[in-house]
>>> print(open('run-v3.txt').read())   # compact mmCIF, C-alpha atoms
# COMPACT_ATOMS: atom_id res chain seq x y z
CA MET A 73 -84.31 21.52 -36.66
CA THR A 74 -81.59 19.09 -37.77
CA ALA A 75 -79.45 17.95 -34.86
CA GLN A 76 -75.83 19.06 -34.70
CA THR A 77 -72.95 17.75 -32.62
CA PRO A 78 -71.08 20.32 -30.49
CA ILE A 79 -67.32 19.80 -30.19
CA PRO A 80 -65.24 21.97 -27.81
CA CYS A 81 -62.97 24.12 -29.95
CA VAL A 82 -60.69 27.14 -29.66
CA LEU A 83 -59.88 29.41 -32.59
CA MET A 84 -56.33 30.71 -32.28
CA ARG A 85 -53.87 32.73 -34.27
CA GLY A 86 -50.53 31.00 -34.29
CA GLY A 87 -47.79 33.13 -35.87
CA THR A 88 -49.09 34.24 -39.26
CA SER A 89 -51.66 31.44 -39.49
CA LYS A 90 -55.02 30.81 -37.87
CA GLY A 91 -56.71 27.54 -37.02
CA ALA A 92 -59.03 25.44 -34.89
CA TYR A 93 -57.46 23.80 -31.82
CA PHE A 94 -58.97 20.64 -30.35
CA LEU A 95 -58.23 18.21 -27.57
CA ALA A 96 -57.76 14.82 -29.21
CA SER A 97 -60.18 13.33 -26.69
CA ASP A 98 -62.98 15.54 -28.05
CA LEU A 99 -62.63 14.27 -31.63
CA PRO A 100 -63.59 10.91 -33.15
CA ALA A 101 -61.02 8.18 -32.64
CA ASP A 102 -61.62 6.83 -36.12
CA VAL A 103 -59.37 8.74 -38.54
CA ALA A 104 -61.83 8.70 -41.45
CA VAL A 105 -64.62 10.07 -39.26
CA ARG A 106 -62.26 12.61 -37.71
CA ASP A 107 -61.29 13.90 -41.15
CA ARG A 108 -64.95 14.25 -42.16
CA VAL A 109 -65.50 16.26 -38.99
CA LEU A 110 -62.54 18.56 -39.74
CA LEU A 111 -63.73 19.11 -43.32
CA SER A 112 -67.17 20.03 -41.98
CA VAL A 113 -65.74 22.37 -39.33
CA MET A 114 -63.68 24.23 -41.93
CA GLY A 115 -66.35 24.19 -44.63
CA SER A 116 -64.33 22.27 -47.22
CA PRO A 117 -64.44 21.65 -50.10
CA ASP A 118 -65.54 25.13 -51.10
CA PRO A 119 -63.41 28.06 -52.34
CA ARG A 120 -65.11 30.39 -49.85
CA GLN A 121 -65.49 27.83 -47.04
CA ILE A 122 -68.77 29.62 -46.50
CA ASP A 123 -70.30 26.76 -44.47
CA GLY A 124 -67.48 26.53 -41.95
CA VAL A 125 -64.96 28.53 -39.93
CA GLY A 126 -62.13 28.31 -42.47
CA GLY A 127 -60.92 31.56 -43.98
CA ALA A 128 -60.82 30.47 -47.65
CA ASP A 129 -57.01 30.41 -47.58
CA PRO A 130 -54.51 27.64 -46.80
CA LEU A 131 -53.13 29.79 -43.96
CA THR A 132 -56.50 29.88 -42.20
CA SER A 133 -57.66 26.32 -42.90
CA LYS A 134 -55.52 24.58 -40.31
CA VAL A 135 -56.12 22.39 -37.26
CA ALA A 136 -54.13 21.50 -34.14
CA ILE A 137 -55.02 18.30 -32.27
CA VAL A 138 -53.45 18.23 -28.80
CA SER A 139 -53.16 15.51 -26.17
CA PRO A 140 -50.92 14.45 -23.26
CA SER A 141 -47.77 12.96 -24.69
CA THR A 142 -47.27 9.23 -24.92
CA HIS A 143 -43.49 9.81 -24.83
CA SER A 144 -41.44 10.37 -21.69
CA ASP A 145 -39.34 13.15 -23.25
CA ALA A 146 -42.35 15.38 -24.07
CA ASP A 147 -45.22 17.00 -22.20
CA ILE A 148 -47.78 17.00 -24.99
CA ASP A 149 -48.37 15.58 -28.45
CA TYR A 150 -49.41 17.86 -31.32
CA LEU A 151 -50.86 16.56 -34.56
CA PHE A 152 -51.19 19.17 -37.30
CA ALA A 153 -53.82 18.84 -40.01
CA GLN A 154 -53.93 20.94 -43.18
CA VAL A 155 -57.52 21.02 -44.37
CA LYS A 156 -57.52 21.75 -48.08
CA VAL A 157 -59.86 24.53 -49.13
CA GLU A 158 -61.21 23.28 -52.45
CA GLU A 159 -60.65 19.54 -52.05
CA PRO A 160 -62.16 17.05 -49.55
CA THR A 161 -58.69 16.28 -48.20
CA VAL A 162 -57.07 16.47 -44.77
CA ASP A 163 -53.27 16.23 -45.00
CA VAL A 164 -51.31 15.26 -41.88
CA SER A 165 -47.98 14.75 -43.67
CA PRO A 166 -46.46 18.22 -42.94
CA ASN A 167 -45.75 20.09 -39.74
CA CYS A 168 -46.82 23.68 -39.16
CA GLY A 169 -44.59 25.85 -37.01
CA ASN A 170 -46.98 28.78 -37.00
CA ILE A 171 -49.87 26.79 -35.56
CA LEU A 172 -47.28 25.22 -33.22
CA ALA A 173 -46.86 28.65 -31.59
CA GLY A 174 -50.35 28.34 -30.09
CA VAL A 175 -50.04 24.74 -28.92
CA GLY A 176 -48.14 25.47 -25.69
CA PRO A 177 -50.58 28.17 -24.51
CA PHE A 178 -53.53 25.94 -25.47
CA ALA A 179 -52.09 23.04 -23.44
CA LEU A 180 -51.47 25.29 -20.43
CA GLU A 181 -54.97 26.75 -20.48
CA HIS A 182 -56.52 23.30 -20.78
CA GLY A 183 -54.62 21.84 -17.85
CA LEU A 184 -52.34 19.51 -19.80
CA VAL A 185 -49.25 21.24 -18.37
CA LYS A 186 -48.97 23.14 -15.09
CA PRO A 187 -47.78 26.73 -15.65
CA ARG A 188 -44.96 28.30 -13.66
CA ASP A 189 -44.66 31.90 -12.55
CA GLY A 190 -42.71 33.95 -15.09
CA GLU A 191 -42.28 31.60 -18.03
CA THR A 192 -43.12 27.99 -18.69
CA ARG A 193 -41.24 25.60 -20.95
CA VAL A 194 -43.43 23.08 -22.74
CA ARG A 195 -41.86 20.18 -24.60
CA ILE A 196 -43.99 19.36 -27.61
CA ARG A 197 -43.76 16.22 -29.72
CA MET A 198 -44.76 17.06 -33.28
CA VAL A 199 -46.58 13.84 -34.15
CA ASN A 200 -46.40 14.46 -37.91
CA SER A 201 -42.61 14.15 -37.91
CA ASP A 202 -41.98 12.53 -34.50
CA SER A 203 -39.68 15.41 -33.59
CA LEU A 204 -39.40 17.70 -30.56
CA CYS A 205 -39.76 21.40 -29.93
CA GLU A 206 -39.44 23.27 -26.65
CA ALA A 207 -41.79 26.25 -26.50
CA VAL A 208 -41.08 29.03 -23.99
CA ILE A 209 -44.39 30.63 -22.97
CA GLN A 210 -44.81 33.85 -20.99
CA THR A 211 -46.78 32.98 -17.82
CA PRO A 212 -46.57 35.81 -15.26
CA GLY A 213 -48.41 34.84 -12.11
CA GLY A 214 -48.90 31.35 -13.52
CA ARG A 215 -51.26 32.50 -16.29
CA VAL A 216 -50.70 32.59 -20.03
CA ALA A 217 -49.98 36.13 -21.26
CA TYR A 218 -50.99 37.20 -24.74
CA ASP A 219 -50.16 40.90 -24.43
CA GLY A 220 -46.54 41.88 -24.93
CA THR A 221 -44.00 43.78 -26.97
CA ALA A 222 -42.94 41.13 -29.49
CA ARG A 223 -43.67 41.98 -33.11
CA ILE A 224 -43.59 39.65 -36.13
CA ASP A 225 -44.08 40.62 -39.75
CA GLY A 226 -47.46 39.65 -41.14
CA VAL A 227 -49.33 40.29 -37.87
CA PRO A 228 -50.56 43.73 -36.78
CA GLY A 229 -49.55 45.09 -33.40
CA THR A 230 -47.52 43.36 -30.71
CA ALA A 231 -48.02 40.38 -28.42
CA ALA A 232 -46.27 38.18 -25.87
CA SER A 233 -43.35 36.26 -27.29
CA VAL A 234 -43.40 32.52 -27.86
CA VAL A 235 -39.88 31.20 -28.40
CA LEU A 236 -39.69 27.92 -30.31
CA ASN A 237 -36.51 25.88 -29.96
CA PHE A 238 -36.46 22.99 -32.44
CA LEU A 239 -34.47 20.10 -31.05
CA ASP A 240 -34.29 17.41 -33.72
CA THR A 241 -35.98 18.51 -36.92
CA ALA A 242 -33.33 17.57 -39.50
CA GLY A 243 -34.81 14.96 -41.83
CA SER A 244 -38.14 15.08 -39.99
CA ALA A 245 -40.22 13.98 -42.97
CA CYS A 246 -37.65 12.77 -45.48
CA GLY A 247 -35.26 10.86 -43.23
CA ALA A 248 -32.27 13.11 -43.87
CA LEU A 249 -31.43 16.79 -44.00
CA LEU A 250 -30.47 16.31 -47.67
CA PRO A 251 -32.81 13.46 -48.66
CA THR A 252 -31.32 13.00 -52.14
CA GLY A 253 -27.83 12.75 -50.67
CA ASN A 254 -26.80 15.84 -52.61
CA VAL A 255 -26.62 19.50 -51.74
CA ARG A 256 -27.64 20.24 -55.33
CA ASP A 257 -29.63 18.28 -57.90
CA GLU A 258 -31.10 19.04 -61.29
CA ILE A 259 -34.75 18.50 -62.26
CA ASP A 260 -35.92 19.29 -65.79
CA GLY A 261 -32.68 21.19 -66.36
CA VAL A 262 -33.24 23.40 -63.28
CA PRO A 263 -30.74 23.37 -60.36
CA VAL A 264 -32.50 22.64 -57.07
CA THR A 265 -31.65 21.98 -53.45
CA CYS A 266 -33.94 19.45 -51.76
CA ILE A 267 -33.78 19.96 -48.00
CA ASP A 268 -35.72 18.99 -44.86
CA ASN A 269 -34.94 20.72 -41.58
CA GLY A 270 -38.47 20.49 -40.22
CA MET A 271 -40.23 21.05 -43.54
CA PRO A 272 -39.47 19.42 -46.91
CA VAL A 273 -38.58 22.26 -49.30
CA VAL A 274 -37.34 22.42 -52.88
CA VAL A 275 -35.20 25.55 -53.20
CA ILE A 276 -34.87 27.09 -56.67
CA ALA A 277 -33.12 30.28 -57.76
CA ALA A 278 -35.78 32.62 -59.15
CA LYS A 279 -33.49 33.57 -62.03
CA ASP A 280 -33.36 29.95 -63.21
CA LEU A 281 -37.10 30.16 -63.87
CA GLY A 282 -36.89 33.56 -65.54
CA ARG A 283 -38.13 35.48 -62.48
CA THR A 284 -36.49 38.04 -60.21
CA GLY A 285 -37.91 36.94 -56.86
CA LEU A 286 -39.26 40.46 -56.37
CA GLU A 287 -42.65 39.66 -57.91
CA SER A 288 -45.70 40.29 -55.74
CA ARG A 289 -47.76 37.45 -54.33
CA ASP A 290 -50.68 38.33 -56.61
CA ASP A 291 -48.44 38.39 -59.69
CA LEU A 292 -47.07 34.96 -58.85
CA ASN A 293 -50.50 33.52 -58.11
CA ASN A 294 -51.61 34.70 -61.55
CA ASP A 295 -48.50 33.27 -63.25
CA ASP A 296 -49.97 30.02 -64.58
CA GLU A 297 -46.88 29.14 -66.57
CA LEU A 298 -44.65 29.39 -63.51
CA LYS A 299 -47.04 27.43 -61.30
CA ALA A 300 -47.32 24.65 -63.85
CA ARG A 301 -43.54 24.38 -64.11
CA LEU A 302 -43.13 24.37 -60.33
CA GLU A 303 -45.71 21.60 -60.01
CA THR A 304 -43.91 19.48 -62.59
CA ILE A 305 -40.67 19.87 -60.63
CA ARG A 306 -42.45 19.21 -57.33
CA LEU A 307 -43.98 15.95 -58.52
CA LYS A 308 -40.55 14.72 -59.63
CA ALA A 309 -38.89 15.89 -56.42
CA GLY A 310 -41.35 13.98 -54.19
CA PRO A 311 -39.95 10.48 -54.82
CA MET A 312 -36.39 11.86 -54.80
CA MET A 313 -37.05 13.19 -51.29
CA ASN A 314 -38.50 9.89 -50.02
CA LEU A 315 -42.00 11.39 -49.96
CA GLY A 316 -43.44 9.13 -52.65
CA ASP A 317 -46.25 10.38 -54.85
CA VAL A 318 -46.95 13.93 -53.66
CA THR A 319 -49.85 14.65 -56.01
CA ASP A 320 -52.29 14.93 -53.10
CA LYS A 321 -49.81 16.20 -50.51
CA VAL A 322 -48.93 19.76 -49.50
CA VAL A 323 -45.22 18.89 -49.32
CA PRO A 324 -42.65 19.57 -50.50
CA LYS A 325 -43.03 23.33 -50.44
CA MET A 326 -41.49 25.18 -53.38
CA THR A 327 -39.35 28.23 -52.57
CA LEU A 328 -37.84 30.67 -55.04
CA VAL A 329 -34.74 32.45 -53.71
CA ALA A 330 -32.87 35.55 -54.81
CA PRO A 331 -30.32 37.97 -53.35
CA PRO A 332 -31.75 40.00 -50.44
CA ALA A 333 -33.64 43.16 -51.34
CA ALA A 334 -33.21 44.82 -47.93
CA ASP A 335 -30.94 43.97 -45.02
CA GLY A 336 -31.74 40.26 -44.85
CA ALA A 337 -29.81 37.17 -45.86
CA VAL A 338 -32.01 35.93 -48.69
CA LEU A 339 -35.20 36.90 -50.55
CA THR A 340 -37.92 34.25 -50.85
CA ARG A 341 -41.23 33.50 -52.52
CA THR A 342 -42.79 30.26 -51.26
CA PHE A 343 -45.60 28.17 -52.75
CA ILE A 344 -47.59 26.00 -50.29
CA PRO A 345 -47.52 24.21 -52.69
CA HIS A 346 -49.81 25.78 -55.33
CA VAL A 347 -50.53 29.18 -53.76
CA CYS A 348 -47.86 31.79 -53.11
CA HIS A 349 -47.48 32.34 -49.36
CA SER A 350 -48.05 35.87 -48.08
CA ALA A 351 -44.99 35.31 -45.88
CA ILE A 352 -43.15 32.01 -45.29
CA GLY A 353 -43.92 29.12 -42.98
CA VAL A 354 -41.96 28.74 -39.75
CA LEU A 355 -40.36 25.40 -40.54
CA GLY A 356 -40.08 26.32 -44.20
CA ALA A 357 -38.01 29.31 -43.11
CA VAL A 358 -35.82 27.04 -40.99
CA SER A 359 -35.18 24.75 -43.98
CA VAL A 360 -34.42 27.68 -46.31
CA ALA A 361 -32.14 29.32 -43.72
CA THR A 362 -30.30 26.02 -43.36
CA ALA A 363 -29.83 25.82 -47.12
CA CYS A 364 -28.29 29.30 -47.02
CA VAL A 365 -25.37 28.06 -44.91
CA LEU A 366 -24.71 24.88 -46.93
CA LYS A 367 -21.93 25.52 -49.44
CA GLY A 368 -22.91 24.41 -52.90
CA SER A 369 -26.65 24.83 -52.35
CA VAL A 370 -28.85 26.94 -54.59
CA ALA A 371 -29.60 29.24 -51.65
CA HIS A 372 -25.95 29.63 -50.66
CA ASP A 373 -25.22 31.04 -54.13
CA VAL A 374 -27.51 34.06 -53.56
CA ALA A 375 -27.53 34.47 -49.77
CA THR A 376 -25.55 36.84 -47.59
CA THR A 377 -24.53 35.11 -44.35
CA ALA A 378 -22.05 35.84 -41.57
CA GLU A 379 -19.22 33.64 -40.34
CA GLY A 380 -19.31 31.87 -36.98
CA ASP A 381 -21.15 28.95 -35.40
CA SER A 382 -24.14 31.04 -34.34
CA LYS A 383 -25.90 32.57 -37.32
CA LEU A 384 -28.97 34.81 -37.41
CA ILE A 385 -30.50 34.30 -40.85
CA SER A 386 -33.06 36.93 -41.88
CA VAL A 387 -35.34 35.40 -44.50
CA GLU A 388 -37.13 38.08 -46.50
CA HIS A 389 -40.65 37.34 -47.75
CA PRO A 390 -43.52 39.30 -49.39
CA THR A 391 -44.69 40.96 -46.14
CA GLY A 392 -41.42 41.41 -44.26
CA GLU A 393 -38.78 39.11 -42.84
CA PHE A 394 -38.44 36.05 -40.62
CA SER A 395 -35.32 35.61 -38.49
CA VAL A 396 -33.99 32.12 -37.78
CA GLN A 397 -31.23 31.50 -35.23
CA LEU A 398 -29.06 28.59 -36.37
CA GLU A 399 -26.52 26.94 -34.09
CA THR A 400 -23.86 25.04 -36.03
CA THR A 401 -20.53 23.33 -35.51
CA ARG A 402 -18.03 21.35 -37.60
CA ASP A 403 -17.34 17.64 -37.51
CA ALA A 404 -13.89 16.03 -37.68
CA ASN A 405 -13.93 16.38 -41.47
CA GLY A 406 -14.80 20.07 -41.31
CA GLU A 407 -18.36 19.47 -42.50
CA LEU A 408 -21.14 21.68 -41.17
CA VAL A 409 -23.28 20.07 -38.45
CA LEU A 410 -26.55 21.62 -37.27
CA LYS A 411 -27.01 21.73 -33.50
CA GLY A 412 -30.38 23.47 -33.35
CA ALA A 413 -32.67 26.19 -34.61
CA GLY A 414 -34.72 28.74 -32.71
CA LEU A 415 -37.14 31.49 -33.58
CA LEU A 416 -39.69 33.87 -32.14
CA ARG A 417 -43.43 33.76 -32.78
CA THR A 418 -46.56 35.14 -31.14
CA CYS A 419 -50.10 33.82 -30.81
CA ARG A 420 -53.52 34.83 -29.50
CA ARG A 421 -56.58 32.96 -28.31
CA LEU A 422 -59.40 34.42 -30.42
CA PHE A 423 -62.58 32.48 -29.67
CA GLU A 424 -63.65 29.55 -27.56
CA GLY A 425 -66.83 27.51 -27.60
CA ASN A 426 -68.15 24.64 -29.68
CA ALA A 427 -67.69 23.83 -33.32
CA LEU A 428 -70.95 22.41 -34.63
CA VAL A 429 -71.08 19.61 -37.17
CA PRO A 430 -74.18 17.92 -38.59
CA ALA A 431 -75.12 14.76 -36.72
CA ALA A 432 -74.96 12.97 -40.07
CA VAL A 433 -71.20 13.72 -40.13
CA TRP A 434 -70.64 12.56 -36.55
CA GLY A 435 -73.14 11.78 -33.84
CA GLY A 436 -70.69 12.55 -31.08
CA ALA A 437 -68.67 10.50 -28.63
CA ASP A 438 -71.71 8.93 -26.96
CA ALA A 439 -73.08 7.76 -30.32
CA GLU A 440 -69.67 6.40 -31.24
CA ARG A 441 -69.47 4.41 -27.99
CA ARG A 442 -72.98 3.02 -28.58
CA ASP A 443 -71.95 1.92 -32.06
CA VAL A 444 -68.89 0.12 -30.68
CA ALA A 445 -70.95 -1.55 -27.94
CA ALA A 446 -73.50 -2.72 -30.51
CA GLU A 447 -70.78 -4.46 -32.50
>>> encode(input="run-v3.txt", output="structure tokens")
Amino acid sequence: MTAQTPIPCVLMRGGTSKGAYFLASDLPADVAVRDRVLLSVMGSPDPRQIDGVGGADPLTSKVAIVSPSTHSDADIDYLFAQVKVEEPTVDVSPNCGNILAGVGPFALEHGLVKPRDGETRVRIRMVNSDSLCEAVIQTPGGRVAYDGTARIDGVPGTAASVVLNFLDTAGSACGALLPTGNVRDEIDGVPVTCIDNGMPVVVIAAKDLGRTGLESRDDLNNDDELKARLETIRLKAGPMMNLGDVTDKVVPKMTLVAPPAADGAVLTRTFIPHVCHSAIGVLGAVSVATACVLKGSVAHDVATTAEGDSKLISVEHPTGEFSVQLETTRDANGELVLKGAGLLRTCRRLFEGNALVPAAVWGGADAERRDVAAE
């Protein structure tokens, strides 16, 4: 029997995504070897990911790597990795707010943070963007609770709430909330808003691409003409947003917006970046919600928002809605200033044990130490 290397791993649902959670200390220190391990764990590249634990979808081919924080203002560090399904690529350029929902509970259950009775606040540094989030975890009796009454669209049933308060996400990847310096630009004759409040997003009015925004996910995934046009715009937006060549990156996300169909603020269809999302990503929703309150933006033109400094923005998506709480104020010139964003997610620990990778991919920590000693 061919030897395999066991690596401690937890499979968790975070928000509307699912992924493998690891302690950084259990993975190879060398980035190239680590990425080969993650590809093997997920079973990429393969459209079915049949030889790994990935779910053959970008939303279920994700990884969280967690460690004690190296920064005094955070408890833990969280590195997110998007493992591409059909390509041998591991992308650590974006954040993932859904997988983030499981990071606090994972850290508590692995002894990285001591839980309190009632609820525990965990300050998480998102390594991908070097930004902070405070997660509020339900810990009655000093133990993580997964059962509860919170409900989020895209997940059956109810669970314990995980409140995520983003502290400094504006310009997290692009260096500025509006990385082009404009609230509105034009690419290939199409008006766009390029924005980054935790996730780089290109916002486009569905009508400007001849769509309504009401199309189903399947219809959009089968719309080759639309996807080709979106990719052309995305590749041009990358350098404009200080992201460089984004050919092999999963950012920026592309979001079509339209007037709300129900009681929300805005209707969305998001591509991540080449597949239409069944919902919308956490930080993608924060960026789109922010665009809704910026006068002159593409989203502001179609959104319905209330007055006041505290705004609850309901972002409609193919399987429901996602509410984002925005706290704003005005500067001396009357310009809108973002103070923070918060939202509610849930998570659940699904499976714990060892992920097994062929010894040819990685011989394990002991083998790695022997190799270093031999050098």
>>> closest_residue(input="run-v3.txt", among="A:Arg215, A:Lys134, A:Arg421, A:Arg106", to="Gln154 in chain A", atoms="only C-alpha atoms")
A:Lys134
>>> atom_distance(input="run-v3.txt", atom1="CA of Val175 in chain A", atom2="CA of Asp98 in chain A")
15.9 Å
>>> residues_near_point(input="run-v3.txt", point="(-48.3, 17.4, -50.5)", cutoff="9 Å", atoms="all atoms listed in the file", output="MDAnalysis selection string")
chainID A and resid 163 165:166 310 315 317:325 344:345
>>> closest_residue(input="run-v3.txt", among="A:Leu281, A:Met84, A:Ala96, A:Cys246", to="Ile171 in chain A", atoms="all atoms listed in the file")
A:Met84
>>> closest_residue(input="run-v3.txt", among="A:Asp290, A:Glu297, A:Glu206, A:Asp123", to="Ile148 in chain A", atoms="all atoms listed in the file")
A:Glu206
>>> residues_around(input="run-v3.txt", residues="Leu204 in chain A", least_positions_apart="5", cutoff="7 Å", atoms="all atoms listed in the file", output="JSON, numbers by chain")
{"A": [195, 196, 197, 198, 238, 239, 240]}
>>> write_last_selection(input="run-v3.txt", atoms="C-alpha atoms", output="compact mmCIF listing (two decimals), in the frame of the given file")
# COMPACT_ATOMS: atom_id res chain seq x y z
CA ARG A 195 -41.86 20.18 -24.60
CA ILE A 196 -43.99 19.36 -27.61
CA ARG A 197 -43.76 16.22 -29.72
CA MET A 198 -44.76 17.06 -33.28
CA PHE A 238 -36.46 22.99 -32.44
CA LEU A 239 -34.47 20.10 -31.05
CA ASP A 240 -34.29 17.41 -33.72
>>> atom_distance(input="run-v3.txt", atom1="CA of Asn426 in chain A", atom2="CA of Pro130 in chain A")
22.1 Å
>>> closest_residue(input="run-v3.txt", among="A:Val135, A:Ala104, A:Val157, A:Ala75", to="Ala92 in chain A", atoms="only C-alpha atoms")
A:Val135
>>> atom_distance(input="run-v3.txt", atom1="CA of Val433 in chain A", atom2="CA of Val109 in chain A")
6.3 Å
>>> closest_residue(input="run-v3.txt", among="A:Ala248, A:Leu416, A:Ile137, A:Val155", to="Arg108 in chain A", atoms="all atoms listed in the file")
A:Val155
>>> residues_around(input="run-v3.txt", residues="range 224-235 of chain A", least_positions_apart="4", cutoff="9 Å", atoms="only C-alpha atoms", output="list in words")
Gly87, Thr88, Ala173, Gly174, Gly176, Glu206, Ala207, Val208, Ile209, Gln210, Ala217, Tyr218, Asp219, Gly220, Ser350, Ala351, Thr391, Gly392, Glu393, Phe394, Gly414, Leu415, Leu416, Arg417, Thr418, Cys419 and Arg420 of chain A
>>> closest_residue(input="run-v3.txt", among="A:Thr132, A:Arg223, A:Gly353, A:Thr342", to="Arg289 in chain A", atoms="all atoms listed in the file")
A:Thr342
>>> residues_near_point(input="run-v3.txt", point="(-50.1, 39.5, -56.8)", cutoff="12 Å", atoms="only C-alpha atoms", output="ChimeraX atom specification")
/A:286-295,341,347-350,390
>>> residues_around(input="run-v3.txt", residues="Leu428 in chain A", least_positions_apart="6", cutoff="9 Å", atoms="all atoms listed in the file", output="ChimeraX atom specification")
/A:76-80,112-113
>>> axis_aligned_box(input="run-v3.txt", around="range 361-375 of chain A", padding_each_side="5 Å", output="AutoDock Vina command-line options")
--center_x -27.0 --center_y 29.4 --center_z -49.0 --size_x 20.2 --size_y 20.1 --size_z 21.2
>>> residues_around(input="run-v3.txt", residues="Val370 in chain A", least_positions_apart="6", cutoff="8 Å", atoms="all atoms listed in the file", output="PyMOL selection string")
chain A and resi 256+263-265+275-277+363-364
